[in-house]
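S.K.: Structure file entry.csv, CSV, C-alpha atoms and all ligand atoms, is pasted below:
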chain,number,residue,atom,x,y,z
R,1,MET,CA,-20.8,0.5,19.7
R,2,LYS,CA,-21.6,-2.8,18.1
R,3,ILE,CA,-20.9,-3.1,14.4
R,4,THR,CA,-20.6,-5.9,11.9
R,5,ILE,CA,-17.7,-5.8,9.5
R,6,ALA,CA,-17.6,-7.9,6.4
R,7,VAL,CA,-13.9,-8.9,6.0
R,8,ILE,CA,-12.7,-9.9,2.6
R,9,PRO,CA,-9.0,-10.8,2.9
R,10,GLY,CA,-8.9,-11.6,-0.8
R,11,ASP,CA,-5.7,-12.7,-2.7
R,12,GLY,CA,-2.0,-12.5,-2.5
R,13,ILE,CA,-0.8,-10.5,0.5
R,14,GLY,CA,-4.4,-9.6,1.3
R,15,PRO,CA,-4.9,-12.0,4.2
R,16,GLU,CA,-1.7,-11.1,5.9
R,17,VAL,CA,-2.3,-7.3,5.8
R,18,ILE,CA,-5.9,-7.7,6.8
R,19,ASN,CA,-4.9,-9.7,9.8
R,20,GLN,CA,-2.9,-6.7,11.0
R,21,ALA,CA,-5.9,-4.4,10.4
R,22,LYS,CA,-8.0,-6.8,12.5
R,23,LYS,CA,-5.4,-6.7,15.3
R,24,ALA,CA,-5.6,-2.9,15.3
R,25,LEU,CA,-9.5,-3.1,15.4
R,26,ASP,CA,-9.4,-5.6,18.2
R,27,ALA,CA,-7.1,-3.3,20.2
R,28,ILE,CA,-9.6,-0.5,19.6
R,29,ALA,CA,-12.5,-2.7,20.6
R,30,ASP,CA,-10.8,-3.6,23.9
R,31,THR,CA,-9.6,-0.2,24.7
R,32,TYR,CA,-12.8,1.7,23.9
R,33,ASN,CA,-15.3,-1.0,24.8
R,34,HIS,CA,-16.8,-1.7,21.4
R,35,VAL,CA,-17.9,-4.9,19.7
R,36,PHE,CA,-16.7,-5.6,16.2
R,37,LEU,CA,-18.3,-8.6,14.7
R,38,TYR,CA,-16.3,-9.9,11.7
R,39,LYS,CA,-18.0,-11.9,8.9
R,40,GLU,CA,-15.4,-13.3,6.6
R,41,ALA,CA,-16.2,-13.7,2.9
R,42,GLN,CA,-14.4,-14.6,-0.3
R,43,MET,CA,-13.8,-12.4,-3.4
R,44,GLY,CA,-11.3,-12.4,-6.2
R,45,ALA,CA,-9.0,-15.2,-7.4
R,46,CYS,CA,-9.6,-17.4,-4.3
R,47,ALA,CA,-13.4,-17.1,-4.9
R,48,ILE,CA,-13.0,-18.1,-8.5
R,49,GLU,CA,-10.9,-21.1,-7.4
R,50,ASN,CA,-13.5,-22.2,-4.9
R,51,THR,CA,-16.8,-21.3,-6.6
R,52,GLY,CA,-16.0,-20.2,-10.1
R,53,ASN,CA,-17.4,-16.8,-9.3
R,54,PRO,CA,-15.2,-13.8,-8.3
R,55,LEU,CA,-18.1,-12.4,-6.2
R,56,PRO,CA,-20.2,-15.3,-4.9
R,57,ASP,CA,-23.8,-14.5,-3.9
R,58,LYS,CA,-23.0,-15.3,-0.3
R,59,THR,CA,-20.2,-12.6,-0.2
R,60,LEU,CA,-22.6,-10.0,-1.7
R,61,GLU,CA,-25.2,-10.9,0.9
R,62,ILE,CA,-22.7,-10.6,3.8
R,63,CYS,CA,-21.5,-7.2,2.4
R,64,ARG,CA,-25.1,-5.9,2.1
R,65,LYS,CA,-25.9,-6.8,5.6
R,66,ALA,CA,-22.7,-5.5,7.2
R,67,ASP,CA,-22.2,-2.0,8.5
R,68,ALA,CA,-18.8,-1.7,6.7
R,69,ILE,CA,-16.6,-3.8,4.5
R,70,LEU,CA,-12.9,-4.3,4.8
R,71,VAL,CA,-11.0,-5.6,1.8
R,72,GLY,CA,-7.4,-6.8,1.5
R,73,ALA,CA,-6.2,-7.2,-2.1
R,74,ILE,CA,-7.7,-8.7,-5.2
R,75,GLY,CA,-6.0,-10.4,-8.1
R,76,ASP,CA,-3.4,-12.9,-9.1
R,77,THR,CA,-0.4,-13.0,-11.3
R,78,THR,CA,-1.8,-15.8,-13.5
R,79,PHE,CA,-4.8,-13.6,-14.3
R,80,ASP,CA,-2.8,-10.4,-14.7
R,81,ASN,CA,-0.8,-12.2,-17.4
R,82,ASN,CA,-3.8,-13.8,-19.1
R,83,SER,CA,-5.5,-11.4,-21.4
R,84,THR,CA,-8.0,-13.9,-22.7
R,85,ALA,CA,-9.6,-14.9,-19.4
R,86,LYS,CA,-13.4,-14.3,-19.4
R,87,ILE,CA,-13.8,-14.5,-15.6
R,88,THR,CA,-11.2,-12.4,-13.6
R,89,PRO,CA,-10.7,-11.6,-9.9
R,90,VAL,CA,-11.1,-7.8,-10.4
R,91,GLN,CA,-14.6,-8.3,-11.8
R,92,GLY,CA,-15.5,-9.3,-8.2
R,93,LEU,CA,-14.4,-6.0,-6.8
R,94,LEU,CA,-15.9,-3.9,-9.7
R,95,ARG,CA,-19.3,-5.7,-9.3
R,96,LEU,CA,-19.3,-5.2,-5.6
R,97,ARG,CA,-18.7,-1.5,-6.1
R,98,LYS,CA,-21.5,-1.3,-8.5
R,99,GLU,CA,-24.0,-3.4,-6.6
R,100,LEU,CA,-23.4,-1.4,-3.4
R,101,GLY,CA,-23.5,1.9,-5.2
R,102,LEU,CA,-20.0,2.9,-3.9
R,103,PHE,CA,-19.6,5.8,-6.3
R,104,CYS,CA,-17.1,7.9,-4.3
R,105,ASN,CA,-13.6,6.7,-3.6
R,106,ILE,CA,-11.6,8.8,-1.2
R,107,ARG,CA,-7.8,8.5,-0.9
R,108,PRO,CA,-5.8,10.6,1.5
R,109,ILE,CA,-2.2,11.4,0.6
R,110,LYS,CA,0.1,13.0,3.0
R,111,THR,CA,3.8,13.0,3.9
R,112,TYR,CA,5.2,11.5,7.1
R,113,GLU,CA,8.2,13.4,8.5
R,114,GLY,CA,9.8,10.1,9.4
R,115,LEU,CA,9.7,9.0,5.8
R,116,ILE,CA,10.8,12.0,3.8
R,117,HIS,CA,14.4,11.1,4.0
R,118,ASN,CA,13.9,8.0,1.8
R,119,SER,CA,11.6,9.5,-0.7
R,120,PRO,CA,13.0,9.8,-4.3
R,121,LEU,CA,11.5,13.3,-4.2
R,122,LYS,CA,13.1,16.4,-2.6
R,123,ARG,CA,12.1,17.2,1.0
R,124,GLU,CA,11.3,20.9,0.2
R,125,PHE,CA,8.8,19.9,-2.5
R,126,ILE,CA,6.9,17.3,-0.6
R,127,SER,CA,7.1,18.1,3.2
R,128,GLY,CA,3.7,19.1,4.4
R,129,THR,CA,1.7,17.7,1.5
R,130,ASP,CA,-1.9,16.9,2.5
R,131,ILE,CA,-4.2,15.9,-0.4
R,132,LEU,CA,-7.6,14.3,-0.4
R,133,MET,CA,-8.4,12.6,-3.7
R,134,TYR,CA,-12.0,12.1,-4.7
R,135,ARG,CA,-12.2,9.5,-7.5
R,136,GLU,CA,-15.5,8.7,-9.1
R,137,LEU,CA,-15.8,4.9,-8.8
R,138,THR,CA,-18.7,3.4,-10.6
R,139,GLY,CA,-18.6,5.1,-14.0
R,140,GLY,CA,-16.3,5.9,-16.9
R,141,ALA,CA,-14.3,3.4,-18.9
R,142,TYR,CA,-14.3,0.8,-16.1
R,143,PHE,CA,-18.0,0.3,-16.6
R,144,GLY,CA,-18.6,1.3,-20.2
R,145,ILE,CA,-19.5,-1.0,-23.1
R,146,LYS,CA,-16.6,-3.4,-23.8
R,147,GLU,CA,-16.1,-5.1,-27.1
R,148,LEU,CA,-13.7,-7.2,-28.9
R,149,SER,CA,-14.3,-7.9,-32.6
R,150,ASP,CA,-14.7,-11.5,-33.7
R,151,ASP,CA,-11.4,-11.5,-35.5
R,152,GLY,CA,-9.6,-10.1,-32.4
R,153,GLN,CA,-8.3,-7.1,-34.3
R,154,ASN,CA,-10.3,-4.4,-32.7
R,155,ALA,CA,-11.2,-3.6,-29.1
R,156,PHE,CA,-13.5,-0.9,-27.6
R,157,ASP,CA,-13.9,0.5,-24.1
R,158,GLY,CA,-16.7,3.1,-23.9
R,159,CYS,CA,-16.3,5.9,-21.4
R,160,ALA,CA,-19.7,7.4,-20.4
R,161,TYR,CA,-20.8,9.8,-17.7
R,162,SER,CA,-24.1,11.4,-16.8
R,163,VAL,CA,-24.6,14.7,-15.1
R,164,GLU,CA,-26.1,12.8,-12.2
R,165,GLU,CA,-23.0,10.6,-11.8
R,166,ILE,CA,-20.7,13.6,-11.9
R,167,ALA,CA,-22.9,15.7,-9.5
R,168,ARG,CA,-23.2,13.2,-6.7
R,169,VAL,CA,-19.4,12.8,-6.2
R,170,THR,CA,-18.8,16.5,-6.9
R,171,HIS,CA,-21.0,17.5,-4.0
R,172,LEU,CA,-19.2,15.2,-1.6
R,173,ALA,CA,-15.8,16.6,-2.8
R,174,PHE,CA,-16.9,20.2,-2.3
R,175,LYS,CA,-18.3,19.5,1.1
R,176,SER,CA,-15.0,18.0,2.1
R,177,ALA,CA,-13.1,21.0,0.7
R,178,GLN,CA,-15.2,23.3,2.8
R,179,LYS,CA,-13.9,21.5,5.9
R,180,ARG,CA,-10.3,21.7,4.8
R,181,ARG,CA,-8.3,24.4,3.0
R,182,LYS,CA,-11.2,25.3,0.7
R,183,LYS,CA,-9.6,24.5,-2.6
R,184,LEU,CA,-10.8,21.9,-5.2
R,185,THR,CA,-8.9,20.9,-8.3
R,186,LEU,CA,-10.8,19.1,-11.0
R,187,VAL,CA,-8.5,16.9,-13.0
R,188,ASP,CA,-9.8,16.0,-16.5
R,189,LYS,CA,-8.9,16.0,-20.2
R,190,ALA,CA,-11.4,18.5,-21.4
R,191,ASN,CA,-9.3,19.6,-24.3
R,192,VAL,CA,-9.9,16.1,-25.9
R,193,LEU,CA,-12.7,14.2,-24.2
R,194,GLU,CA,-16.4,14.9,-24.4
R,195,THR,CA,-17.0,13.3,-21.0
R,196,SER,CA,-14.4,15.6,-19.5
R,197,ARG,CA,-16.2,18.6,-20.9
R,198,LEU,CA,-19.3,17.4,-19.2
R,199,TRP,CA,-17.4,17.1,-16.0
R,200,ARG,CA,-16.1,20.7,-16.3
R,201,LYS,CA,-19.5,22.1,-17.1
R,202,THR,CA,-21.2,20.2,-14.3
R,203,VAL,CA,-18.6,20.9,-11.7
R,204,THR,CA,-18.5,24.6,-12.6
R,205,GLU,CA,-22.2,24.8,-12.1
R,206,ILE,CA,-22.1,23.0,-8.8
R,207,ALA,CA,-19.2,25.3,-7.6
R,208,LYS,CA,-21.7,28.2,-7.3
R,209,GLU,CA,-23.3,26.4,-4.3
R,210,TYR,CA,-19.9,26.3,-2.6
R,211,ALA,CA,-18.8,29.9,-3.0
R,212,ASP,CA,-16.2,29.6,-0.2
R,213,VAL,CA,-14.3,27.0,-2.1
R,214,SER,CA,-12.0,28.0,-5.0
R,215,LEU,CA,-12.2,25.8,-8.0
R,216,GLU,CA,-9.3,25.1,-10.3
R,217,TYR,CA,-9.0,22.9,-13.4
R,218,LEU,CA,-6.1,20.9,-14.5
R,219,PHE,CA,-5.6,18.6,-17.5
R,220,VAL,CA,-4.6,15.1,-16.3
R,221,ASP,CA,-1.3,15.1,-18.1
R,222,ASN,CA,-0.3,18.4,-16.4
R,223,ALA,CA,-1.7,17.0,-13.1
R,224,ALA,CA,0.8,14.1,-13.4
R,225,ILE,CA,3.6,16.7,-13.5
R,226,GLN,CA,2.2,19.0,-10.8
R,227,LEU,CA,1.8,16.2,-8.4
R,228,ILE,CA,5.5,15.6,-8.4
R,229,VAL,CA,6.9,19.1,-8.8
R,230,ASN,CA,4.4,20.9,-6.5
R,231,PRO,CA,2.1,18.6,-4.6
R,232,LYS,CA,1.5,21.2,-1.8
R,233,GLN,CA,-0.6,23.3,-4.2
R,234,PHE,CA,-3.4,20.6,-3.9
R,235,ASP,CA,-6.1,20.3,-1.2
R,236,VAL,CA,-9.0,18.3,-2.6
R,237,ILE,CA,-8.6,16.7,-6.1
R,238,LEU,CA,-11.7,15.5,-7.9
R,239,THR,CA,-11.5,13.3,-10.9
R,240,GLU,CA,-13.1,10.5,-12.9
R,241,ASN,CA,-12.5,6.8,-12.4
R,242,LEU,CA,-9.6,5.9,-14.6
R,243,PHE,CA,-7.6,9.1,-14.1
R,244,GLY,CA,-8.1,8.7,-10.3
R,245,ASP,CA,-6.8,5.2,-10.4
R,246,ILE,CA,-3.6,6.3,-12.1
R,247,ILE,CA,-2.8,9.6,-10.3
R,248,ALA,CA,-3.5,8.1,-6.9
R,249,ASP,CA,-0.8,5.5,-7.4
R,250,GLU,CA,1.5,8.2,-8.7
R,251,ALA,CA,0.8,10.4,-5.6
R,252,SER,CA,1.7,7.5,-3.3
R,253,VAL,CA,5.3,8.3,-4.1
R,254,ILE,CA,4.8,11.5,-2.2
R,255,ALA,CA,3.8,9.5,0.9
R,256,GLY,CA,6.7,7.2,0.5
R,257,SER,CA,5.1,4.0,-0.6
R,258,VAL,CA,2.0,2.6,-2.2
R,259,GLY,CA,1.9,0.4,0.9
R,260,LEU,CA,0.8,3.5,2.9
R,261,LEU,CA,-2.3,4.6,1.0
R,262,ALA,CA,-5.7,3.7,2.3
R,263,SER,CA,-9.0,4.3,0.7
R,264,ALA,CA,-12.7,4.6,1.5
R,265,SER,CA,-15.4,3.8,-1.0
R,266,ILE,CA,-18.7,5.3,0.0
R,267,GLY,CA,-22.1,5.9,-1.6
R,268,LYS,CA,-25.6,4.8,-0.9
R,269,LYS,CA,-25.2,2.7,2.2
R,270,ASN,CA,-22.3,1.0,3.8
R,271,GLY,CA,-18.7,1.9,3.0
R,272,LEU,CA,-15.9,-0.3,1.7
R,273,PHE,CA,-12.4,0.3,3.0
R,274,LYS,CA,-9.3,-1.1,1.3
R,275,PRO,CA,-5.6,-0.3,0.7
R,276,ILE,CA,-5.0,1.1,-2.8
R,277,HIS,CA,-2.3,-1.4,-3.5
R,278,GLY,CA,-2.6,-4.7,-5.4
R,279,HIS,CA,-2.2,-8.3,-4.5
R,280,LEU,CA,1.6,-8.5,-4.7
R,281,SER,CA,1.4,-12.3,-5.0
R,282,GLN,CA,5.1,-12.8,-5.2
R,283,PHE,CA,5.3,-11.9,-1.5
R,284,LYS,CA,2.3,-13.9,-0.4
R,285,GLY,CA,2.8,-15.7,2.9
R,286,LYS,CA,6.2,-14.2,3.4
R,287,ASP,CA,5.3,-11.8,6.2
R,288,TYR,CA,6.9,-9.1,4.2
R,289,ALA,CA,4.3,-6.7,2.9
R,290,ASN,CA,3.5,-3.3,4.4
R,291,PRO,CA,0.2,-3.6,6.4
R,292,LEU,CA,-0.1,0.1,7.1
R,293,ALA,CA,-2.4,0.9,4.2
R,294,SER,CA,-4.8,-1.8,5.5
R,295,ILE,CA,-4.5,-0.5,9.1
R,296,LEU,CA,-5.1,3.0,7.9
R,297,SER,CA,-8.1,1.7,5.9
R,298,ALA,CA,-9.5,0.4,9.2
R,299,ALA,CA,-9.1,3.9,10.6
R,300,LEU,CA,-11.1,5.3,7.7
R,301,LEU,CA,-13.7,2.7,8.5
R,302,LEU,CA,-13.9,3.8,12.1
R,303,GLN,CA,-14.2,7.4,11.0
R,304,HIS,CA,-17.0,6.5,8.7
R,305,VAL,CA,-19.0,4.9,11.5
R,306,GLY,CA,-18.5,7.9,13.6
R,307,LEU,CA,-15.7,6.6,15.9
R,308,HIS,CA,-13.4,9.6,15.3
R,309,GLU,CA,-11.2,9.3,18.5
R,310,GLU,CA,-10.7,5.7,17.8
R,311,ALA,CA,-9.7,6.4,14.2
R,312,PHE,CA,-7.2,9.0,15.4
R,313,ALA,CA,-5.8,6.4,17.9
R,314,ILE,CA,-4.9,4.2,14.9
R,315,GLU,CA,-3.4,7.0,13.0
R,316,ARG,CA,-1.3,8.0,15.9
R,317,ALA,CA,0.0,4.5,16.3
R,318,VAL,CA,0.9,4.4,12.6
R,319,GLU,CA,2.8,7.7,12.9
R,320,LYS,CA,4.6,6.3,15.9
R,321,SER,CA,5.7,3.1,14.0
R,322,ILE,CA,7.0,5.3,11.2
R,323,LEU,CA,8.8,7.6,13.5
R,324,LEU,CA,10.5,4.7,15.3
R,325,GLY,CA,11.2,2.9,12.1
R,326,ILE,CA,9.2,-0.2,13.0
R,327,THR,CA,8.3,-0.5,9.4
R,328,THR,CA,8.5,-3.0,6.5
R,329,GLU,CA,11.2,-3.0,3.8
R,330,ASP,CA,9.5,-0.6,1.5
R,331,ILE,CA,9.7,2.3,4.0
R,332,LYS,CA,12.5,1.2,6.2
R,333,GLY,CA,13.6,3.9,8.6
R,334,LYS,CA,17.0,5.6,9.0
R,335,ASN,CA,18.2,2.8,11.2
R,336,ASN,CA,17.7,0.3,8.4
R,337,TYR,CA,15.7,-2.0,10.7
R,338,VAL,CA,13.1,-4.1,8.7
R,339,ALA,CA,10.1,-5.3,10.6
R,340,SER,CA,7.8,-8.1,9.3
R,341,THR,CA,4.2,-7.6,8.4
R,342,SER,CA,3.0,-9.2,11.7
R,343,LYS,CA,5.6,-7.3,13.8
R,344,VAL,CA,4.3,-4.0,12.5
R,345,GLY,CA,0.7,-5.1,13.3
R,346,ASP,CA,1.8,-6.2,16.8
R,347,PHE,CA,3.4,-2.9,17.5
R,348,ILE,CA,0.3,-0.9,16.3
R,349,ALA,CA,-2.0,-3.0,18.5
R,350,ASP,CA,0.3,-2.7,21.5
R,351,TYR,CA,0.6,1.0,21.0
R,352,ILE,CA,-3.2,1.5,20.8
R,353,ALA,CA,-3.7,-0.5,23.9
R,354,ASN,CA,-1.0,1.3,25.9
R,355,GLN,CA,-0.9,4.7,24.3
R,356,GLU,CA,-0.4,7.3,27.0
R,357,ASP,CA,1.9,5.4,29.3
R,358,SER,CA,3.6,3.3,26.6
R,359,ASN,CA,7.2,2.8,27.3
R,360,LEU,CA,8.9,1.7,24.1
R,361,ASN,CA,12.2,-0.2,24.3
R,362,PHE,CA,13.6,-0.2,20.8
R,363,GLN,CA,16.3,-2.7,21.9
R,364,ASN,CA,13.6,-5.3,22.4
R,365,ILE,CA,12.2,-4.8,18.9
R,366,HIS,CA,15.5,-5.9,17.4
R,367,MET,CA,15.5,-8.9,19.5
R,368,GLY,CA,12.0,-9.9,18.3
R,369,GLN,CA,10.5,-9.4,21.8
R,370,SER,CA,7.6,-7.3,22.9
R,371,THR,CA,7.7,-3.7,21.9
R,372,ILE,CA,6.2,-2.6,25.1
R,373,ILE,CA,7.9,-3.0,28.5
G,1,LIG,C1,-7.7,0.2,-7.0
G,1,LIG,C2,-7.3,-1.0,-7.8
G,1,LIG,C3,-8.5,-1.5,-8.6
G,1,LIG,C4,-9.0,-0.4,-9.5
G,1,LIG,C5,-8.3,-2.8,-9.4
G,1,LIG,C6,-7.9,-3.9,-8.5
G,1,LIG,C7,-9.5,-3.2,-10.1
G,1,LIG,O1,-6.2,-0.7,-8.7
G,1,LIG,O2,-8.5,0.1,-6.1
G,1,LIG,O3,-7.1,1.3,-7.3
G,1,LIG,O4,-8.4,-0.2,-10.6
G,1,LIG,O5,-9.9,0.4,-9.2
G,2,MG,MG,-5.4,1.2,-8.5
How would this structure read if it were set down as structure tokens?
M.R.:
Amino acid sequence: MKITIAVIPGDGIGPEVINQAKKALDAIADTYNHVFLYKEAQMGACAIENTGNPLPDKTLEICRKADAILVGAIGDTTFDNNSTAKITPVQGLLRLRKELGLFCNIRPIKTYEGLIHNSPLKREFISGTDILMYRELTGGAYFGIKELSDDGQNAFDGCAYSVEEIARVTHLAFKSAQKRRKKLTLVDKANVLETSRLWRKTVTEIAKEYADVSLEYLFVDNAAIQLIVNPKQFDVILTENLFGDIIADEASVIAGSVGLLASASIGKKNGLFKPIHGHLSQFKGKDYANPLASILSAALLLQHVGLHEEAFAIERAVEKSILLGITTEDIKGKNNYVASTSKVGDFIADYIANQEDSNLNFQNIHMGQSTII
């Protein structure tokens, strides 16, 4: 298969982690005889610096033409701490989502046996968790009317949803639940918010078309508790944009680190694949950040273009790296060995290329040599 992938490394640790995802994709291309054409483009703080625009026209054009888009991280500490900036890095990502109609964001959350020991949560509560979160991505408070009064004393973020916006993501979530454990939990705040009440009404109506899926409702504040005390009760979670942003980060604690969570943003045409974590600029260029979320995002990309076996090969390599403790500081294994970003990427690529007959020599890893003998 020949596909064009728009690659947006972005800011902070973005370029480092995306390089590892590309290593994994190159190993897949070699092993399975595919051609992946990368078209690099700028977005975020680096794009503002170079062009004054967080989403330059050229980037948008490259993304529109590509079969899929791979993004690293967007943002910068200077902007995070500046509440008066009119042009910000995240505007680039938000506009790209809107322009491409990427209304559905999917975030898989699961535990890895090799990581449970260093989770702050108890093994018996989290072991075996397997959640697929569906977050609406182009509506709600992120895209509502925003206002700041002239005297700077009052601010307003409107949260709006239409039945159509709710319905399209809801259908995708139900279809996915049908292929899984057939349970869908709608997370909302229907006891307070009008938009949440519309979500409930719409989702309840649509549920009739998916009679084999059981539907449950949970207020978002309770969902925040349930995710920690009993995450195994969840199969597919469906929620609106802002709630989804928050509870996905919370749920990353179950997996072991936010550095493990990948996401797929899909909708009208081509999908966008990106780790859920931020730019972590303090570690920029230090070869320190966890690349697994980016690598797993590349796996989601492959799945999206129909390369299921190849996606699975990446996931297997990631599981192996965790099992062997060839991992970065945030998820360091029982042996306390800490691998650099690029070392993890090298291991994953090696493992993909040599899978079945790979002969791993852990001794070599410590010595900074090849991981395969
Ligand atoms: C995410 C991120 C983004 C979001 C930011 C960078 C705008 O946190 O993908 O979860 O809030 O959607
Ligand atoms: Mg987020």
S.K.: Please identify all polymer residues lying at most 7 Å from the point (-20.5, 1.0, -1.7) (file coordinates), using only C-alpha atoms, and present the result as a list of chain:residue names.
M.R.: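 Those residues lying close to the given coordinates are R:Arg97, R:Leu100, R:Gly101, R:Leu102, R:Phe103, R:Ser265, R:Ile266, R:Gly267, R:Lys268, R:Lys269, R:Asn270, R:Gly271, R:Leu272.
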S.K.: Check which residues of chain R sit at most 9 Å from ligand MG 2 (chain G) using all atoms listed in the file, and return one row each with the closest pair of atoms and their distance in Å to one decimal, ordered by chain and rising number, as a Markdown table.
M.R.:
| residue | atom | partner | partner_atom | distance |
| --- | --- | --- | --- | --- |
| R:Leu242 | CA | G:MG2 | MG | 8.8 |
| R:Gly244 | CA | G:MG2 | MG | 8.2 |
| R:Asp245 | CA | G:MG2 | MG | 4.6 |
| R:Ile246 | CA | G:MG2 | MG | 6.5 |
| R:Ile247 | CA | G:MG2 | MG | 9.0 |
| R:Ala248 | CA | G:MG2 | MG | 7.3 |
| R:Asp249 | CA | G:MG2 | MG | 6.4 |
| R:Ile276 | CA | G:MG2 | MG | 5.7 |
| R:His277 | CA | G:MG2 | MG | 6.4 |
| R:Gly278 | CA | G:MG2 | MG | 7.2 |
S.K.: So which one's closest to ligand LIG 1 (chain G), R:Asn241, R:Thr341, R:Ser214, R:Gln20? Using only C-alpha atoms and all ligand atoms, please.
M.R.: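 Distance minimum relative to ligand LIG 1 (chain G) lands on R:Asn241.
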S.K.: Tell me, in Å to one decimal, how far atom CA of Ile28 of chain R is from atom CA of Leu323 of chain R.
M.R.: 21.0 Å
S.K.: From (7.0, -2.5, 3.6), in the file's coordinates, out to 8 Å: which residues are reached, counting all atoms listed in the file? Answer as a ChimeraX atom specification.
M.R.: /R:257,259,288-291,327-332,341
S.K.: Using only C-alpha atoms and all ligand atoms, which of R:Phe36, R:Tyr142, R:Phe79, R:Tyr161 sits nearest ligand LIG 1 (chain G)?
M.R.: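 Under the stated criterion, the closest residue is R:Tyr142.
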S.K.: Measure the distance from atom CA of Val253 of chain R to atom CA of Pro9 of chain R in Å and round it to one decimal.
M.R.: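 Computing the Euclidean distance for atom CA of Val253 of chain R and atom CA of Pro9 of chain R yields 24.9 Å.
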S.K.: Mind giving me the straight-line distance from atom CA of Glu136 of chain R to atom CA of Cys104 of chain R in Å, one decimal?
M.R.: 5.1 Å
S.K.: Have a look at R:Leu115, R:Arg200, R:Ile109, R:His279 and name the one nearest to Cys46 of chain R; count all atoms listed in the file.
M.R.: R:His279
S.K.: Nearest to ligand LIG 1 (chain G) among R:Lys110, R:Lys334, R:Arg95, R:Lys284, with distances taken over all atoms listed in the file: which residue is it?
M.R.: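 Closest to ligand LIG 1 (chain G) of all the choices is R:Arg95.
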S.K.: Given the choices R:Lys201, R:Arg107, R:Lys86, R:Arg181, which gets closest to Ala167 of chain R if the distance is worked out from all atoms listed in the file?
M.R.: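 That would be R:Lys201, the residue with the smallest distance to Ala167 of chain R.
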S.K.: From the set R:Asn50, R:Asn222, R:Thr4, R:Ser263, which residue has the shortest atom-to-atom contact distance to ligand LIG 1 (chain G), counting all atoms listed in the file?
M.R.: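 The answer is R:Ser263, which sits nearest to ligand LIG 1 (chain G).
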S.K.: Write out as a PyMOL selection string the residues lying within 10 Å of segment 273-275 of chain R, counting all atoms listed in the file and excluding same-chain residues fewer than 4 positions away.
M.R.: chain R and resi 7-9+14+17-18+68-73+105-107+258-266+291-302+304
S.K.: Just want the 8 Å neighbourhood of Gly92 of chain R, counted on only C-alpha atoms, with same-chain residues fewer than 5 positions away dropped. Output as a list in words.
M.R.: Met43, Gly44, Asn53, Pro54 and Leu55 of chain R
S.K.: Near Asp212 of chain R, within 12 Å and counting all atoms listed in the file, which residues show up once chain neighbours fewer than 6 positions away are dropped, as a ChimeraX atom specification?
M.R.: /R:174-184
S.K.: As a list in words, please: the residues near Ile322 of chain R (cut-off 8 Å, all atoms listed in the file, same-chain neighbours under 6 positions excluded).
M.R.: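 After dropping sequence-adjacent residues, the list is Tyr112, Gly114, Leu115 and Gly333 of chain R.
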S.K.: Give me, as a list in words, all polymer residues having an atom no more than 9 Å from segment 191-195 of chain R, counting all atoms listed in the file and skipping those fewer than 4 positions away in the same chain.
M.R.: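 Final neighbour list, sorted by chain and number: Gly140, Cys159, Ala160, Tyr161, Ser162, Trp199, Arg200 and Phe219 of chain R.
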S.K.: Selecting C-alpha atoms, how would segment 98-112 of chain R from this structure be written as a PDB file, in the first residue's frame?
M.R.:
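As a result, selection_5.pdb now contains:
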ATOM      1  CA  LYS R  98     -12.653  22.048  12.501  1.00  0.00           C
ATOM      2  CA  GLU R  99     -11.456  22.515   8.907  1.00  0.00           C
ATOM      3  CA  LEU R 100     -11.088  18.769   8.382  1.00  0.00           C
ATOM      4  CA  GLY R 101     -14.333  17.921  10.165  1.00  0.00           C
ATOM      5  CA  LEU R 102     -12.610  15.680  12.720  1.00  0.00           C
ATOM      6  CA  PHE R 103     -15.582  15.485  15.034  1.00  0.00           C
ATOM      7  CA  CYS R 104     -14.807  12.179  16.699  1.00  0.00           C
ATOM      8  CA  ASN R 105     -11.820  11.622  18.949  1.00  0.00           C
ATOM      9  CA  ILE R 106     -11.092   8.090  20.096  1.00  0.00           C
ATOM     10  CA  ARG R 107      -8.792   7.347  23.033  1.00  0.00           C
ATOM     11  CA  PRO R 108      -8.044   3.770  24.058  1.00  0.00           C
ATOM     12  CA  ILE R 109      -7.189   3.266  27.729  1.00  0.00           C
ATOM     13  CA  LYS R 110      -5.899  -0.047  28.968  1.00  0.00           C
ATOM     14  CA  THR R 111      -3.557  -1.440  31.560  1.00  0.00           C
ATOM     15  CA  TYR R 112      -0.277  -3.154  30.784  1.00  0.00           C
TER      16      TYR R 112
END
